[in-house]
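Structure record follows, encoded as structure tokens.
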Number of protein chains: 2
Amino acid sequence: MTKAIESIFKPLWKPDTTGIPKYKRVLNAMMEAIKSGIWEPGSKLPPEDDLAKLTPFSLGTVQRALRALSAQGLITRHHGLGSFVTQRPRRLENPWHCRFLADNNEDIVPIYSKAIKRELMNEYGPWSKHLGSSDTVVQLDRIINVNDEFNVYSRFYAKAELLKIIWELPFEELHGANVKKLIGTRYQLPITEILHQVSVKQFDQYICKKINIGTNSFGLFMQAIARAGTEFTVYYQEFFIPPGKRALRFFENTPAPNQVLE
Amino acid sequence: MTKAIESIFKPLWKPDTTGIPKYKRVLNAMMEAIKSGIWEPGSKLPPEDDLAKLTPFSLGTVQRALRALSAQGLITRHHGLGSFVTQRPRRLENPWHCRFLADNNEDIVPIYSKAIKRELMNEYGPWSKHLGSSDTVVQLDRIINVNDEFNVYSRFYAKAELLKIIWELPFEELHGANVKKLIGTRYQLPITEILHQVSVKQFDQYICKKINIGTNSFGLFMQAIARAGTEFTVYYQEFFIPPGKRALRFFENTPAPNQVLE
DNA sequence: AGCGATTTGTACGTATGTATG
DNA sequence: CCATACATACGTACAAATCGC
């Protein structure tokens, strides 16, 4: 554990050749550690003093790096408590850009999804408007458990031919996986924008039963349309979210591209 | 000239009662000066040393304020040259990030807003979390008519001192105007991101009556948080949207920030 | 309720580095 | 090369929030 953390700061002890300011070198090292998972989301960082001792630099320098990390949203700092790794969906790696908020209005709550149905379809449906009506469409239904508090029903649609993986993969492997991530790693599909629409409507019996809420309840209905370019739709998705639970936050901002290096 | 600049920093010489950190007091004073036009866009600020001498604080403190102003996009700094008031601060073109969709799922429907209440407040409330709890807050309530089909109730909150225009402007001029646009043209405040949150909840009696829906109806509750930089909140807004009507679409206009954060 | 111990937050003064004109 | 002006860095000190005893 400590070994891993020490290794993060090892490179800082070597004399610098690049001319990068020290506080940025510290920042980059820590950013790398967070991204690569050495520090997991939610975990507590060592106190400033300790960090400073792990580097050949002064406390103030380390503090500045921490302040910048906090401004970038990678860590959250609490006076008198400590610094913690936050988890914010990063647009580039993770096309999720809406998540349920924790009580502190800052962190996001964990979710776990379970695939429950997969079908190939040729009919016309609400998805046709977005995916086109001519081709075979694969539908994947999942139930997303949010922080063990409530369930969300999700329907995912894509052209079967385009996303072969969805119906070729063993069904079990669709559990828990973030399908969008799967798409991202497996295909080189550059999803450039995701449109979201929300409205309030009455859920049908099937949905209500599946997510364990009273029959004919009203709830939040969200649609997401993921596109590559402005024309081409990669997938279309529907979410049925029970009322009154947690607020859903949209992260519409892309993190600045080049603060990592230099 | 110099007289005006000196006057900006006058208040800093008085002993602080509020507990606001010095670097923030410097920041606020300069922000005020830029907003109000004492420093015009493009003009050069005095060098760090001079600024420090104009305040009772150290160079480092002034530097930190300048760094933060730069991160918020209000000033631009050039090594060896000087600091300048940003010409056209980077902001979202259209601060409306979401609109109601027409039936063709493509166009947006027209809206018209009417101001119905304006108040100054000192209490603690849901806005405090975003705007801070110490200062006086101006609240502006409006009813937004959507395509003559239904009404949305909107509550707008901002620090009174920051957005003087909201409560200094004759009440009638707040009708129909896009307040955000007003802010954009009148002040040099670059809104770089707007966060949105949605949830479904029961509206209170007052709201229901104002937008002509049945008492105790459920509906879509949306919150919007507009920021300059990643830290500073410009305003906080709440929307109460009746159920089942039209879908609300979120557009992503990314302002592509290129600023170094801190 | 009080009192340390821990930990982050702010601030100062000073020194040196580096880009610009 | 020089003066100007921003950029980074250090070491130190104290303030303030939080937690556990």
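Here, A, B, ... name the chains of the structure tokens in the order displayed, residue numbers run from 1 inside each chain, and ligands are numbered from 1 in the same displayed order.
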
Give me, as CSV, the closest atom pair and its distance (Å, one decimal) for every residue of chain B within a cut-off of 8 Å of chain C, counting only C-alpha atoms (C1' of nucleotides), rows sorted by chain and rising number.
residue,atom,partner,partner_atom,distance
B:Pro21,CA,C:DT10,C1',7.0
B:Ser58,CA,C:DC12,C1',6.3
B:Gly60,CA,C:DC12,C1',7.9
B:Thr61,CA,C:DA11,C1',7.0
B:His79,CA,C:DA19,C1',5.5
B:Gly80,CA,C:DT20,C1',4.9
B:Leu81,CA,C:DT20,C1',5.9

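On all C-alpha atoms, the superposed RMSD for chain A relative to chain B stands at 15.0 Å.
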
For this session: Report as a list in words the set of chain D residues whose atoms approach chain B to within 8 Å, with distances computed over only C-alpha atoms (C1' of nucleotides).
Result: DT4, DA5, DC6 and DA7 of chain D

Just need the residues of chain A within 10 Å of chain B, counting only C-alpha atoms, so spit them out as a PDB file with C-alpha atoms, in the first residue's frame.
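What landed in result.pdb:
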ATOM      1  CA  ARG A  64      -0.661  24.145  -4.566  1.00  0.00           C
ATOM      2  CA  ALA A  65      -0.845  20.876  -6.438  1.00  0.00           C
ATOM      3  CA  LEU A  66      -3.636  19.703  -4.166  1.00  0.00           C
ATOM      4  CA  ARG A  67      -5.497  22.976  -4.624  1.00  0.00           C
ATOM      5  CA  ALA A  68      -5.294  22.629  -8.367  1.00  0.00           C
ATOM      6  CA  LEU A  69      -6.455  19.015  -8.247  1.00  0.00           C
ATOM      7  CA  SER A  70      -9.386  20.131  -6.157  1.00  0.00           C
ATOM      8  CA  ALA A  71     -10.225  22.903  -8.621  1.00  0.00           C
ATOM      9  CA  GLN A  72     -10.201  20.331 -11.362  1.00  0.00           C
ATOM     10  CA  GLY A  73     -12.601  18.208  -9.399  1.00  0.00           C
ATOM     11  CA  CYS A  98     -25.384  12.105 -15.860  1.00  0.00           C
ATOM     12  CA  ARG A  99     -25.306  10.455 -12.481  1.00  0.00           C
ATOM     13  CA  PHE A 100     -27.201  10.467  -9.242  1.00  0.00           C
ATOM     14  CA  LEU A 101     -25.888  12.802  -6.604  1.00  0.00           C
ATOM     15  CA  ASN A 104     -23.312  16.321  -0.177  1.00  0.00           C
ATOM     16  CA  ASN A 105     -24.321  17.467  -3.651  1.00  0.00           C
ATOM     17  CA  LYS A 129     -37.129   7.601 -35.095  1.00  0.00           C
ATOM     18  CA  HIS A 130     -33.513   7.668 -34.025  1.00  0.00           C
ATOM     19  CA  GLU A 193     -22.408  14.045 -28.387  1.00  0.00           C
ATOM     20  CA  ILE A 194     -25.118  12.592 -26.242  1.00  0.00           C
ATOM     21  CA  LEU A 195     -28.472  14.295 -26.247  1.00  0.00           C
ATOM     22  CA  HIS A 196     -30.693  13.956 -23.246  1.00  0.00           C
ATOM     23  CA  GLN A 197     -34.384  14.514 -22.925  1.00  0.00           C
ATOM     24  CA  VAL A 198     -36.431  14.295 -19.779  1.00  0.00           C
ATOM     25  CA  SER A 199     -40.116  14.391 -19.002  1.00  0.00           C
ATOM     26  CA  VAL A 200     -42.455  13.144 -16.346  1.00  0.00           C
ATOM     27  CA  LYS A 201     -44.818  10.351 -17.249  1.00  0.00           C
ATOM     28  CA  GLN A 202     -46.787   7.427 -15.979  1.00  0.00           C
ATOM     29  CA  PHE A 218     -45.451   8.665 -12.249  1.00  0.00           C
ATOM     30  CA  GLY A 219     -41.739   9.012 -12.653  1.00  0.00           C
ATOM     31  CA  LEU A 220     -38.903  10.551 -14.564  1.00  0.00           C
ATOM     32  CA  PHE A 221     -38.545   9.367 -18.128  1.00  0.00           C
ATOM     33  CA  MET A 222     -35.197  10.056 -19.729  1.00  0.00           C
ATOM     34  CA  GLN A 223     -34.064   9.433 -23.253  1.00  0.00           C
ATOM     35  CA  ALA A 224     -30.455   9.502 -24.370  1.00  0.00           C
ATOM     36  CA  ILE A 241     -36.564   6.586 -12.890  1.00  0.00           C
ATOM     37  CA  PRO A 242     -38.835   6.466  -9.853  1.00  0.00           C
ATOM     38  CA  PRO A 243     -39.860   9.790  -8.349  1.00  0.00           C
ATOM     39  CA  GLY A 244     -38.515  11.748  -5.441  1.00  0.00           C
ATOM     40  CA  LYS A 245     -35.388   9.809  -4.810  1.00  0.00           C
ATOM     41  CA  ARG A 246     -32.137  11.414  -5.732  1.00  0.00           C
ATOM     42  CA  ALA A 247     -31.391  14.271  -8.083  1.00  0.00           C
ATOM     43  CA  LEU A 248     -29.836  13.395 -11.391  1.00  0.00           C
ATOM     44  CA  ARG A 249     -27.035  15.703 -12.381  1.00  0.00           C
ATOM     45  CA  PHE A 250     -25.911  16.332 -15.911  1.00  0.00           C
ATOM     46  CA  PHE A 251     -22.237  16.914 -16.446  1.00  0.00           C
ATOM     47  CA  GLU A 252     -22.139  18.804 -19.669  1.00  0.00           C
ATOM     48  CA  ASN A 253     -18.665  20.133 -19.463  1.00  0.00           C
ATOM     49  CA  THR A 254     -15.709  18.518 -21.044  1.00  0.00           C
ATOM     50  CA  PRO A 255     -12.589  18.598 -18.958  1.00  0.00           C
ATOM     51  CA  ALA A 256      -9.882  20.746 -20.440  1.00  0.00           C
ATOM     52  CA  PRO A 257      -7.738  18.586 -22.659  1.00  0.00           C
ATOM     53  CA  ASN A 258      -4.239  19.664 -21.920  1.00  0.00           C
ATOM     54  CA  GLN A 259      -3.836  20.256 -18.267  1.00  0.00           C
TER      55      GLN A 259
END

Exercise. Using the chain letters and numbers from this document, which residues of range 4-199 of chain B does DSSP assign to alpha helix (DSSP H), as a PyMOL selection string?
Worked result: chain B and resi 4-13+22-35+48-54+59-71+128-131+164-168+179-186

Restricted to C-alpha atoms, what would the selected residues look like written as an mmCIF file, in the first residue's frame?
data_model
loop_
_atom_site.group_PDB
_atom_site.id
_atom_site.type_symbol
_atom_site.label_atom_id
_atom_site.label_comp_id
_atom_site.auth_asym_id
_atom_site.auth_seq_id
_atom_site.Cartn_x
_atom_site.Cartn_y
_atom_site.Cartn_z
ATOM 1 C CA ALA B 4 -10.016 55.513 -9.238
ATOM 2 C CA ILE B 5 -7.728 52.544 -8.826
ATOM 3 C CA GLU B 6 -6.795 53.548 -5.323
ATOM 4 C CA SER B 7 -10.446 53.775 -4.456
ATOM 5 C CA ILE B 8 -10.885 50.170 -5.462
ATOM 6 C CA PHE B 9 -8.541 49.028 -2.762
ATOM 7 C CA LYS B 10 -9.603 51.505 -0.086
ATOM 8 C CA PRO B 11 -11.957 49.077 1.623
ATOM 9 C CA LEU B 12 -9.157 46.578 2.039
ATOM 10 C CA TRP B 13 -7.387 48.835 4.508
ATOM 11 C CA LYS B 22 -7.566 38.328 2.139
ATOM 12 C CA TYR B 23 -6.898 36.920 -1.289
ATOM 13 C CA LYS B 24 -10.645 36.721 -1.838
ATOM 14 C CA ARG B 25 -11.167 40.280 -0.725
ATOM 15 C CA VAL B 26 -8.591 41.388 -3.248
ATOM 16 C CA LEU B 27 -10.237 39.208 -5.871
ATOM 17 C CA ASN B 28 -13.666 40.632 -5.147
ATOM 18 C CA ALA B 29 -12.464 44.187 -5.230
ATOM 19 C CA MET B 30 -10.840 43.686 -8.594
ATOM 20 C CA MET B 31 -13.817 41.799 -9.949
ATOM 21 C CA GLU B 32 -16.020 44.683 -8.952
ATOM 22 C CA ALA B 33 -13.707 47.127 -10.683
ATOM 23 C CA ILE B 34 -13.711 45.126 -13.877
ATOM 24 C CA LYS B 35 -17.448 44.513 -13.831
ATOM 25 C CA GLU B 48 1.892 42.754 -9.033
ATOM 26 C CA ASP B 49 4.289 44.756 -6.872
ATOM 27 C CA ASP B 50 2.310 47.951 -7.269
ATOM 28 C CA LEU B 51 -0.961 46.199 -6.546
ATOM 29 C CA ALA B 52 0.549 44.681 -3.443
ATOM 30 C CA LYS B 53 1.591 48.144 -2.302
ATOM 31 C CA LEU B 54 -1.936 49.405 -2.865
ATOM 32 C CA LEU B 59 2.785 40.020 -2.740
ATOM 33 C CA GLY B 60 1.906 36.345 -2.534
ATOM 34 C CA THR B 61 -1.624 37.140 -1.481
ATOM 35 C CA VAL B 62 -2.131 39.492 -4.401
ATOM 36 C CA GLN B 63 -0.587 36.950 -6.731
ATOM 37 C CA ARG B 64 -3.045 34.358 -5.626
ATOM 38 C CA ALA B 65 -5.944 36.688 -6.313
ATOM 39 C CA LEU B 66 -4.580 37.420 -9.768
ATOM 40 C CA ARG B 67 -4.125 33.724 -10.474
ATOM 41 C CA ALA B 68 -7.717 33.055 -9.518
ATOM 42 C CA LEU B 69 -8.995 35.919 -11.652
ATOM 43 C CA SER B 70 -7.060 34.473 -14.540
ATOM 44 C CA ALA B 71 -8.563 31.045 -13.945
ATOM 45 C CA SER B 128 -27.092 28.967 0.293
ATOM 46 C CA LYS B 129 -25.387 25.734 -0.573
ATOM 47 C CA HIS B 130 -24.414 27.173 -3.922
ATOM 48 C CA LEU B 131 -24.130 30.889 -3.340
ATOM 49 C CA LYS B 164 -26.939 44.529 -8.862
ATOM 50 C CA ILE B 165 -28.753 44.842 -12.156
ATOM 51 C CA ILE B 166 -31.383 42.334 -11.130
ATOM 52 C CA TRP B 167 -32.760 44.529 -8.417
ATOM 53 C CA GLU B 168 -31.782 47.932 -9.698
ATOM 54 C CA VAL B 179 -31.993 37.382 -17.605
ATOM 55 C CA LYS B 180 -28.931 35.403 -18.478
ATOM 56 C CA LYS B 181 -28.483 37.372 -21.638
ATOM 57 C CA LEU B 182 -28.822 40.532 -19.636
ATOM 58 C CA ILE B 183 -26.082 39.401 -17.340
ATOM 59 C CA GLY B 184 -23.919 38.543 -20.298
ATOM 60 C CA THR B 185 -24.196 41.888 -22.009
ATOM 61 C CA ARG B 186 -24.058 44.006 -18.922
#

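For the atom pair formed by CA of Gly37 in chain A and CA of Leu163 in chain A, the distance is 28.5 Å, given to one decimal.
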
For this session: Write out as a PyMOL selection string all residues of range 139-185 of chain B that DSSP puts in strand (DSSP E or B) for this structure's backbone.
Result: chain B and resi 139-146+150-159

For this session: Between CA of Glu238 in chain A and CA of Glu172 in chain A, measure the distance and give it in Å to one decimal.
Result: 21.5 Å

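Taking C1' of DT18 in chain D and CA of Leu45 in chain A as endpoints, the distance between them is 16.2 Å.
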
Shell around Asn147 in chain A at 6 Å using only C-alpha atoms (C1' of nucleotides), local window under 5 positions removed, as a JSON list (two decimals) with N, CA and C atoms, in the first residue's frame:
[["chain", "number", "residue", "atom", "x", "y", "z"],
["A", 109, "VAL", "N", -23.32, 8.67, -6.41],
["A", 109, "VAL", "CA", -23.53, 7.42, -5.70],
["A", 109, "VAL", "C", -23.24, 6.25, -6.64],
["A", 110, "PRO", "N", -22.85, 5.13, -6.08],
["A", 110, "PRO", "CA", -22.52, 3.98, -6.90],
["A", 110, "PRO", "C", -23.76, 3.31, -7.50],
["A", 111, "ILE", "N", -23.60, 2.74, -8.66],
["A", 111, "ILE", "CA", -24.71, 2.01, -9.27],
["A", 111, "ILE", "C", -24.22, 0.64, -9.71]]
